[in-house]
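Here is the file run-v7.tsv (TSV, C-alpha atoms).
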chain	number	residue	atom	x	y	z
K	23	MET	CA	-5.07	5.75	-64.89
K	24	THR	CA	-1.40	6.74	-64.91
K	25	PHE	CA	-2.13	9.77	-62.75
K	26	PHE	CA	-4.11	7.62	-60.31
K	27	LEU	CA	-1.25	5.10	-59.97
K	28	LYS	CA	1.31	7.88	-59.49
K	29	SER	CA	-0.82	9.48	-56.80
K	30	PHE	CA	-1.35	6.11	-55.13
K	31	PHE	CA	2.39	5.25	-55.12
K	32	ASP	CA	3.28	8.72	-53.84
K	33	LYS	CA	0.88	8.24	-50.93
K	34	ILE	CA	2.47	4.88	-50.08
K	35	SER	CA	5.93	6.47	-50.20
K	36	ALA	CA	4.78	9.21	-47.87
K	37	TRP	CA	3.36	6.64	-45.46
K	38	LEU	CA	6.55	4.56	-45.50
K	39	ILE	CA	8.74	7.52	-44.51
K	40	ALA	CA	6.26	9.15	-42.13
K	41	ASN	CA	7.63	7.14	-39.22
K	42	ARG	CA	11.39	7.37	-38.66
K	43	LEU	CA	11.74	3.83	-37.27
K	44	ARG	CA	9.70	2.33	-40.10
K	45	GLU	CA	11.71	4.34	-42.63
K	46	ASN	CA	15.08	3.15	-41.27
K	47	VAL	CA	13.96	-0.49	-41.08
K	48	ILE	CA	12.75	-0.38	-44.71
K	49	PHE	CA	15.97	1.30	-45.86
K	50	PHE	CA	18.12	-1.30	-44.11
K	51	ILE	CA	16.16	-4.34	-45.34
K	52	LEU	CA	16.06	-3.11	-48.93
K	53	SER	CA	19.76	-2.13	-48.85
K	54	PHE	CA	20.63	-5.56	-47.47
K	55	LEU	CA	18.67	-7.35	-50.21
K	56	ILE	CA	20.25	-5.21	-52.92
K	57	SER	CA	23.75	-5.61	-51.47
K	58	ILE	CA	23.73	-9.43	-51.52
K	59	PRO	CA	23.64	-9.97	-55.32
K	60	VAL	CA	25.90	-6.94	-55.90
K	61	PHE	CA	28.39	-8.31	-53.35
K	62	ILE	CA	28.35	-11.76	-54.96
K	63	TYR	CA	28.83	-10.31	-58.47
K	64	PHE	CA	31.68	-8.10	-57.24
K	65	ARG	CA	33.36	-11.04	-55.53
K	66	LYS	CA	33.03	-13.42	-58.49
K	67	ASN	CA	33.96	-11.00	-61.28
K	68	ILE	CA	36.02	-8.17	-59.81
K	69	TYR	CA	37.83	-9.17	-56.64
K	70	TYR	CA	37.97	-12.56	-54.94
K	71	PHE	CA	38.32	-12.48	-51.15
K	72	ASP	CA	40.74	-14.95	-49.63
K	73	ALA	CA	41.85	-13.56	-46.26
K	74	GLU	CA	42.52	-15.80	-43.25
K	75	ILE	CA	39.98	-13.74	-41.32
K	76	PRO	CA	37.31	-12.33	-43.67
K	77	TYR	CA	37.82	-8.65	-42.82
K	78	ASP	CA	37.70	-7.83	-46.53
K	79	LYS	CA	34.35	-9.57	-47.04
K	80	ILE	CA	32.78	-7.87	-44.05
K	81	SER	CA	34.20	-4.44	-44.92
K	82	VAL	CA	33.00	-4.54	-48.53
K	83	PHE	CA	29.55	-5.78	-47.54
K	84	ILE	CA	29.14	-3.04	-44.90
K	85	PHE	CA	30.32	-0.48	-47.46
K	86	LEU	CA	27.72	-1.67	-49.98
K	87	ILE	CA	24.90	-1.53	-47.45
K	88	THR	CA	25.95	2.00	-46.44
K	89	VAL	CA	26.05	3.19	-50.05
K	90	PHE	CA	22.60	1.79	-50.82
K	91	ILE	CA	21.13	3.25	-47.64
K	92	LEU	CA	22.41	6.69	-48.67
K	93	ILE	CA	20.99	6.24	-52.18
K	94	LEU	CA	17.61	5.20	-50.81
K	95	LYS	CA	17.57	8.14	-48.41
K	96	TRP	CA	18.23	10.40	-51.36
K	97	LEU	CA	15.25	8.78	-53.12
K	98	ARG	CA	13.20	8.63	-49.93
K	99	LYS	CA	10.18	10.47	-51.33
K	100	LYS	CA	10.00	7.91	-54.14
K	101	ILE	CA	10.92	4.88	-52.02
K	102	ILE	CA	8.00	2.81	-53.26
K	103	TYR	CA	9.33	3.06	-56.80
K	104	SER	CA	12.72	1.71	-55.66
K	105	ILE	CA	10.97	-1.24	-53.99
K	106	LEU	CA	8.86	-1.96	-57.07
K	107	ILE	CA	11.82	-1.76	-59.45
K	108	TYR	CA	13.87	-4.09	-57.24
K	109	PHE	CA	11.18	-6.76	-57.02
K	110	LEU	CA	10.37	-6.42	-60.72
K	111	ILE	CA	13.99	-7.06	-61.72
K	112	PHE	CA	14.29	-9.89	-59.20
K	113	SER	CA	11.08	-11.52	-60.45
K	114	ILE	CA	12.17	-11.34	-64.08
K	115	ALA	CA	15.58	-12.82	-63.21
K	116	SER	CA	13.96	-15.63	-61.24
K	117	VAL	CA	11.53	-16.51	-64.04
K	118	GLN	CA	14.32	-16.54	-66.60
K	119	GLY	CA	16.36	-18.83	-64.35
K	120	ASN	CA	19.25	-16.43	-63.75
K	121	TYR	CA	18.83	-16.52	-60.00
K	122	SER	CA	16.21	-16.72	-57.30
K	123	LEU	CA	16.18	-15.30	-53.79
K	124	PHE	CA	17.06	-18.75	-52.48
K	125	GLN	CA	20.03	-19.07	-54.83
K	126	VAL	CA	21.35	-15.64	-53.95
K	127	LEU	CA	21.07	-16.30	-50.22
K	128	THR	CA	22.84	-19.64	-50.67
K	129	ALA	CA	25.68	-17.96	-52.58
K	130	TYR	CA	25.86	-15.42	-49.77
K	131	LYS	CA	26.07	-18.20	-47.15
K	132	ILE	CA	28.82	-19.91	-49.15
K	133	ALA	CA	30.84	-16.70	-49.15
K	134	PHE	CA	30.75	-16.40	-45.36
K	135	LEU	CA	30.10	-19.86	-43.88
K	136	SER	CA	32.72	-21.80	-45.85
K	137	ASP	CA	35.33	-20.29	-43.54
K	138	GLU	CA	33.93	-22.36	-40.65
K	139	MET	CA	35.95	-25.37	-41.80
K	140	GLN	CA	39.74	-25.27	-41.50
K	141	LYS	CA	41.82	-26.15	-44.53
K	142	GLU	CA	45.31	-27.49	-45.02
K	143	GLU	CA	47.04	-27.61	-48.37
K	144	THR	CA	50.19	-29.11	-49.84
K	145	TYR	CA	51.75	-27.72	-52.99
K	146	LEU	CA	53.07	-30.24	-55.52
K	147	GLU	CA	55.36	-29.68	-58.51
K	148	SER	CA	55.73	-32.17	-61.37
K	149	LYS	CA	59.52	-31.77	-61.46
K	150	THR	CA	59.80	-33.26	-57.95
K	151	LEU	CA	57.73	-36.36	-58.79
K	152	LYS	CA	58.77	-39.80	-59.98
K	153	PRO	CA	57.27	-41.94	-62.78
K	154	PHE	CA	53.99	-43.61	-61.83
K	155	PRO	CA	54.38	-47.40	-61.28
K	156	ASN	CA	52.35	-49.73	-63.53
K	157	LYS	CA	50.98	-46.70	-65.34
K	158	THR	CA	49.55	-48.53	-68.35
K	159	ARG	CA	47.83	-51.24	-66.32
K	160	VAL	CA	46.33	-48.76	-63.89
K	161	TYR	CA	45.14	-46.39	-66.61
K	162	GLU	CA	43.47	-49.20	-68.55
K	163	SER	CA	41.70	-50.39	-65.38
K	164	VAL	CA	39.88	-47.06	-65.05
K	165	ASP	CA	37.08	-48.18	-67.39
K	166	PHE	CA	34.87	-45.10	-67.03
K	167	SER	CA	33.21	-45.79	-70.40
K	168	SER	CA	31.81	-49.11	-69.13
K	169	SER	CA	28.01	-49.15	-68.97
K	170	LYS	CA	28.21	-50.95	-65.60
K	171	VAL	CA	30.34	-48.16	-64.14
K	172	ARG	CA	28.13	-45.45	-65.63
K	173	ASN	CA	24.95	-47.12	-64.34
K	174	PHE	CA	26.45	-47.46	-60.88
K	175	ALA	CA	27.36	-43.77	-60.84
K	176	LEU	CA	23.81	-42.88	-61.90
K	177	PHE	CA	22.46	-45.05	-59.10
K	178	ALA	CA	24.68	-43.25	-56.59
K	179	VAL	CA	23.72	-39.73	-57.67
K	180	ASN	CA	20.04	-40.65	-57.53
K	181	SER	CA	20.41	-42.20	-54.06
K	182	HIS	CA	22.18	-39.42	-52.16
K	183	PHE	CA	21.92	-35.67	-51.57
K	184	LYS	CA	19.27	-34.86	-54.20
K	185	ASP	CA	17.42	-32.78	-51.60
K	186	THR	CA	20.45	-30.60	-50.89
K	187	PRO	CA	19.43	-26.91	-51.05
K	188	ASN	CA	20.27	-25.26	-54.35
K	189	TYR	CA	21.09	-28.61	-55.95
K	190	PRO	CA	21.12	-27.31	-59.59
K	191	ILE	CA	23.87	-24.76	-58.92
K	192	ASN	CA	26.21	-27.22	-57.16
K	193	ARG	CA	25.00	-30.29	-59.06
K	194	LYS	CA	28.41	-31.55	-60.23
K	195	LEU	CA	30.10	-31.37	-56.85
K	196	ILE	CA	27.11	-32.91	-55.08
K	197	GLN	CA	27.04	-35.79	-57.56
K	198	TYR	CA	30.76	-36.47	-57.11
K	199	PHE	CA	30.23	-36.54	-53.34
K	200	ALA	CA	27.27	-38.91	-53.81
K	201	VAL	CA	29.55	-41.37	-55.62
K	202	PHE	CA	32.14	-40.98	-52.85
K	203	LYS	CA	29.53	-41.78	-50.20
K	204	GLU	CA	28.15	-44.82	-52.03
K	205	ILE	CA	31.57	-46.39	-52.60
K	206	ASN	CA	33.07	-45.62	-49.21
K	207	SER	CA	30.01	-46.81	-47.30
K	208	ARG	CA	30.24	-50.22	-49.00
K	209	TRP	CA	33.98	-50.77	-49.44
K	210	ASN	CA	35.61	-53.81	-47.79
K	211	TYR	CA	39.40	-53.88	-47.73
K	212	VAL	CA	40.88	-57.14	-49.06
K	213	ASN	CA	44.58	-57.76	-49.76
K	214	ASP	CA	46.01	-58.75	-53.14
K	215	PRO	CA	47.52	-62.22	-53.62
K	216	LYS	CA	50.80	-62.42	-51.70
K	217	GLY	CA	53.77	-61.18	-53.76
K	218	GLN	CA	51.60	-59.96	-56.64
K	219	GLU	CA	49.99	-56.70	-57.63
K	220	TYR	CA	46.43	-57.13	-58.87
K	221	PHE	CA	44.55	-54.22	-60.43
K	222	ALA	CA	40.80	-54.75	-60.63
K	223	SER	CA	38.96	-52.69	-63.18
K	224	GLY	CA	36.21	-50.37	-61.98
K	225	SER	CA	33.48	-52.60	-63.40
K	226	GLU	CA	35.04	-55.68	-61.77
K	227	SER	CA	35.08	-54.05	-58.31
K	228	LEU	CA	31.35	-53.33	-58.59
K	229	LEU	CA	30.63	-57.04	-58.08
K	230	TYR	CA	31.69	-57.16	-54.40
K	231	PHE	CA	32.99	-53.65	-53.56
K	232	SER	CA	36.12	-55.26	-52.17
K	233	GLY	CA	39.84	-54.95	-52.80
K	234	ASP	CA	42.85	-52.98	-51.69
K	235	CYS	CA	43.62	-49.26	-51.94
K	236	ASP	CA	44.40	-49.24	-55.67
K	237	ASP	CA	41.19	-51.12	-56.50
K	238	HIS	CA	39.19	-48.57	-54.50
K	239	ALA	CA	41.00	-45.65	-56.14
K	240	ILE	CA	40.44	-47.07	-59.63
K	241	LEU	CA	36.71	-47.57	-59.01
K	242	MET	CA	36.34	-44.05	-57.57
K	243	CYS	CA	38.10	-42.53	-60.57
K	244	ALA	CA	36.13	-44.58	-63.08
K	245	ALA	CA	32.74	-43.76	-61.51
K	246	ILE	CA	33.34	-40.02	-61.16
K	247	LYS	CA	34.90	-39.77	-64.62
K	248	SER	CA	31.81	-41.49	-66.04
K	249	ILE	CA	29.70	-38.50	-64.92
K	250	GLY	CA	32.10	-35.81	-66.10
K	251	GLY	CA	34.59	-35.41	-63.26
K	252	SER	CA	38.34	-34.89	-63.71
K	253	MET	CA	40.31	-37.42	-61.66
K	254	ARG	CA	43.89	-38.35	-60.86
K	255	LEU	CA	45.66	-41.01	-58.82
K	256	ILE	CA	48.28	-40.36	-56.12
K	257	HIS	CA	51.04	-42.91	-55.43
K	258	THR	CA	52.90	-42.71	-52.10
K	259	GLY	CA	54.99	-45.87	-52.25
K	260	LYS	CA	52.72	-48.15	-50.20
K	261	HIS	CA	49.41	-46.51	-50.93
K	262	MET	CA	47.30	-45.17	-53.79
K	263	TYR	CA	44.33	-42.83	-53.51
K	264	PRO	CA	42.09	-40.77	-55.83
K	265	GLU	CA	41.64	-37.01	-56.05
K	266	VAL	CA	38.98	-34.99	-57.87
K	267	LEU	CA	39.76	-31.69	-59.56
K	268	LEU	CA	37.98	-28.74	-57.97
K	269	GLY	CA	39.79	-26.07	-59.96
K	270	THR	CA	40.10	-22.68	-58.28
K	271	GLU	CA	39.65	-21.16	-54.82
K	272	LYS	CA	36.01	-20.46	-55.67
K	273	GLU	CA	35.28	-24.14	-56.30
K	274	LEU	CA	37.16	-25.06	-53.12
K	275	GLU	CA	34.98	-22.64	-51.19
K	276	ASN	CA	31.81	-24.22	-52.62
K	277	ALA	CA	33.10	-27.69	-51.74
K	278	MET	CA	33.99	-26.65	-48.19
K	279	TYR	CA	30.55	-25.15	-47.67
K	280	LEU	CA	28.79	-28.28	-48.97
K	281	ILE	CA	30.94	-30.60	-46.86
K	282	SER	CA	30.76	-28.65	-43.61
K	283	ASN	CA	27.24	-27.16	-43.80
K	284	GLU	CA	25.10	-29.39	-46.00
K	285	ILE	CA	26.22	-32.92	-46.86
K	286	PHE	CA	28.79	-34.20	-44.34
K	287	LYS	CA	28.24	-31.67	-41.56
K	288	ASP	CA	27.96	-34.26	-38.76
K	289	ILE	CA	31.06	-36.19	-39.82
K	290	SER	CA	33.22	-33.17	-40.69
K	291	LYS	CA	32.23	-30.97	-37.70
K	292	GLY	CA	35.34	-29.37	-36.24
K	293	LYS	CA	37.54	-31.16	-38.80
K	294	THR	CA	40.03	-29.92	-41.40
K	295	ILE	CA	39.74	-30.29	-45.16
K	296	TYR	CA	42.91	-31.45	-46.91
K	297	PHE	CA	43.81	-30.82	-50.53
K	298	HIS	CA	46.72	-30.52	-52.93
K	299	ARG	CA	47.48	-27.44	-54.96
K	300	TYR	CA	49.20	-28.45	-58.16
K	301	GLU	CA	50.92	-26.45	-60.88
K	302	LYS	CA	49.01	-23.42	-62.20
K	303	GLY	CA	47.09	-23.28	-58.93
K	304	LYS	CA	44.74	-26.21	-59.62
K	305	ILE	CA	43.16	-27.62	-56.47
K	306	TRP	CA	42.61	-31.38	-56.04
K	307	LEU	CA	40.50	-32.86	-53.23
K	308	ASN	CA	41.29	-36.13	-51.45
K	309	LEU	CA	38.69	-38.92	-51.89
K	310	ASP	CA	40.54	-41.77	-50.17
K	311	TYR	CA	38.74	-44.75	-48.59
K	312	THR	CA	40.49	-43.84	-45.32
K	313	ALA	CA	38.65	-40.49	-45.29
K	314	HIS	CA	35.10	-40.38	-43.93
K	315	TYR	CA	34.29	-37.17	-45.79
K	316	PRO	CA	35.66	-35.61	-49.00
K	317	GLY	CA	38.87	-33.82	-48.15
K	318	GLY	CA	39.54	-35.99	-45.11
K	319	PRO	CA	43.10	-36.47	-43.75
K	320	PHE	CA	45.80	-37.88	-45.99
K	321	LEU	CA	47.32	-41.20	-44.96
K	322	GLY	CA	50.45	-39.28	-44.04
K	323	GLU	CA	52.95	-40.52	-46.61
K	324	GLU	CA	54.95	-38.43	-49.05
K	325	VAL	CA	53.53	-38.13	-52.58
K	326	LEU	CA	55.93	-39.83	-54.99
K	327	SER	CA	54.06	-39.77	-58.29
K	328	ILE	CA	50.78	-38.74	-59.92
K	329	LEU	CA	48.74	-40.24	-62.74
K	330	ASP	CA	46.55	-37.57	-64.33
K	331	LEU	CA	43.75	-39.51	-66.00
K	332	GLN	CA	43.03	-36.65	-68.38
K	333	GLN	CA	46.55	-36.56	-69.82
K	334	PRO	CA	48.18	-39.97	-69.45
K	335	GLU	CA	51.76	-40.70	-70.47
K	336	LEU	CA	51.64	-44.46	-70.54
K	337	THR	CA	54.76	-46.42	-69.71
K	338	ASN	CA	55.24	-49.83	-68.16
K	339	GLN	CA	56.85	-49.76	-64.74
K	340	SER	CA	56.70	-52.03	-61.75
K	341	GLY	CA	55.73	-51.31	-58.16
K	342	PHE	CA	53.59	-52.56	-55.30
K	343	PHE	CA	50.88	-50.92	-53.22
K	344	GLN	CA	49.45	-52.02	-49.90

Rewrite the coordinates I just gave you, this time as structure tokens.
Amino acid sequence: MTFFLKSFFDKISAWLIANRLRENVIFFILSFLISIPVFIYFRKNIYYFDAEIPYDKISVFIFLITVFILILKWLRKKIIYSILIYFLIFSIASVQGNYSLFQVLTAYKIAFLSDEMQKEETYLESKTLKPFPNKTRVYESVDFSSSKVRNFALFAVNSHFKDTPNYPINRKLIQYFAVFKEINSRWNYVNDPKGQEYFASGSESLLYFSGDCDDHAILMCAAIKSIGGSMRLIHTGKHMYPEVLLGTEKELENAMYLISNEIFKDISKGKTIYFHRYEKGKIWLNLDYTAHYPGGPFLGEEVLSILDLQQPELTNQSGFFQ
């Protein structure tokens, strides 16, 4: 039986390389398929590409394809065994949930297509910032542990973007963006009482989805925190808006790809994504009610203070937002 299979596979190998065009096409396709997961692993674990123009990405990918073509040519008389081994490993990995062909291709698209959207960043340092006004009142209004807020967030994530390709891999980001869409599509701006600063809790704002900028920011923070997101509030003197923590350049790249190619592609087409880079390189994405997509333009005012809702330093101070 073993001899029969070996003879059979050898005959297939001979047939595959009998025609030069067929041989080269097979070598290129197989090299391309092998290069994608190797390229992604290299990029995630060895060297992260971040050039303005992705010469480094393209060069490394071409190099990988060339190397694998040469290896396959060296194994040309046993090419069928290379094909079988590749698909066997890929099948096992897919069954075990490590990755599927669809997931690998999506990761590949993220690596190259995220550059289609322009980005603009501002670097912030804590030593240049002022104390956050009404810190205690604002912090206490972000009632992310409220069942009403949690249930609203669950409603939002089950109403939007569940059919996005490769949802499990980018689940957290997609769910944050679903909350953003649900709130911003329903929000109605209403002023506070004249001469007073009123902070509605997140659960209170769910009744009418109305209020001013700080009420919107508080609700956005509460809802996204209730499903595991890390949030902070930005104070500019006359405005307050929320930001969600993306983390590193890799997470920013995933977010840019989702915004420009999957979720908000019609709204964000030809637009720029705006974000703040804080100390230690952490990247925070704008989720303001004035933005029609995550990472939309800032209102244009200087950042005066920040309230990190993960590490609050609560003090009572006064101030007004519009």

field: Of the listed residues K:Ala222, K:Leu55, K:Val60, K:Ile256, that which approaches Leu329 in chain K most closely, counting all atoms listed in the file
entry: K:Ile256

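Among the candidates K:Leu176, K:Ile196, K:Ala245, K:Ala239, the residue lying nearest to Asn276 in chain K is K:Ile196 (atoms considered: all atoms listed in the file).
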
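Using all atoms listed in the file for every distance, the candidate list K:Ile246, K:Pro155, K:Phe202, K:Asp330 yields K:Pro155 as the residue closest to Glu219 in chain K.
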
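Computed from the coordinates, the CA of Ala178 in chain K to CA of Glu204 in chain K distance equals 5.9 Å.
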
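Those residues that approach Gly317 in chain K to within 8 Å, counting only C-alpha atoms, are Thr294, Ile295, Tyr296, Phe297, Leu307, Asn308 and Leu309 of chain K; same-chain residues fewer than 5 positions away are not listed.
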
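For the choices K:Leu331, K:Ile191, K:Ile289, K:Leu94, the atom-to-atom distance to Val164 in chain K is smallest for K:Leu331 when using only C-alpha atoms.
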
As lines of an AutoDock Vina configuration file, please report the centre and edge lengths, rounded to one decimal in Å, of the axis-aligned box that holds all listed atoms of range 293-298 of chain K with 5 Å of padding on each of the six sides.
center_x = 42.1
center_y = -30.7
center_z = -45.9
size_x = 19.2
size_y = 11.5
size_z = 24.1

task: Might you pull out every residue within 10 Å of Leu151 in chain K, with all atoms listed in the file counted and same-chain residues fewer than 5 positions away left off, and present them as a ChimeraX atom specification?
output: /K:146,257,325-328

field: Minimum-distance residue to Arg159 in chain K, chosen among K:Ser223, K:Thr258, K:Thr88, K:Ser57 (using all atoms listed in the file)
entry: K:Ser223

Identify, on the basis of all atoms listed in the file, every residue whose closest approach to Asp214 in chain K does not exceed 8 Å; exclude the query and any residue fewer than 4 positions from it along the same chain; express the result as an mmCIF file with C-alpha atoms, in the coordinates of the input.
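Final output, selection.cif:
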data_model
loop_
_atom_site.group_PDB
_atom_site.id
_atom_site.type_symbol
_atom_site.label_atom_id
_atom_site.label_comp_id
_atom_site.auth_asym_id
_atom_site.auth_seq_id
_atom_site.Cartn_x
_atom_site.Cartn_y
_atom_site.Cartn_z
ATOM 1 C CA GLN K 218 51.600 -59.960 -56.640
ATOM 2 C CA GLU K 219 49.990 -56.700 -57.630
ATOM 3 C CA TYR K 220 46.430 -57.130 -58.870
ATOM 4 C CA GLY K 233 39.840 -54.950 -52.800
ATOM 5 C CA ASP K 234 42.850 -52.980 -51.690
#

statement: A straight line from CA of Lys302 in chain K to CA of Ser282 in chain K spans 26.6 Å

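For the choices K:Tyr315, K:Leu92, K:Leu229, K:Glu265, the atom-to-atom distance to Ser207 in chain K is smallest for K:Tyr315 when using all atoms listed in the file.
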
message: Within 10 Å of (39.8, -43.8, -59.3) in the file's own coordinates, which protein, DNA or RNA residues have an atom, counting all atoms listed in the file? List them as a count of residues only.
response: 33

field: Straight-line distance linking CA of Asn188 in chain K with CA of Gln140 in chain K, stated in Å to one decimal
entry: 23.3 Å

- prompt: Mind listing as a PyMOL selection string all residues within 7 Å of (38.4, -30.3, -56.9), counting all atoms listed in the file?
  reply: chain K and resi 266-269+273-274+305-307
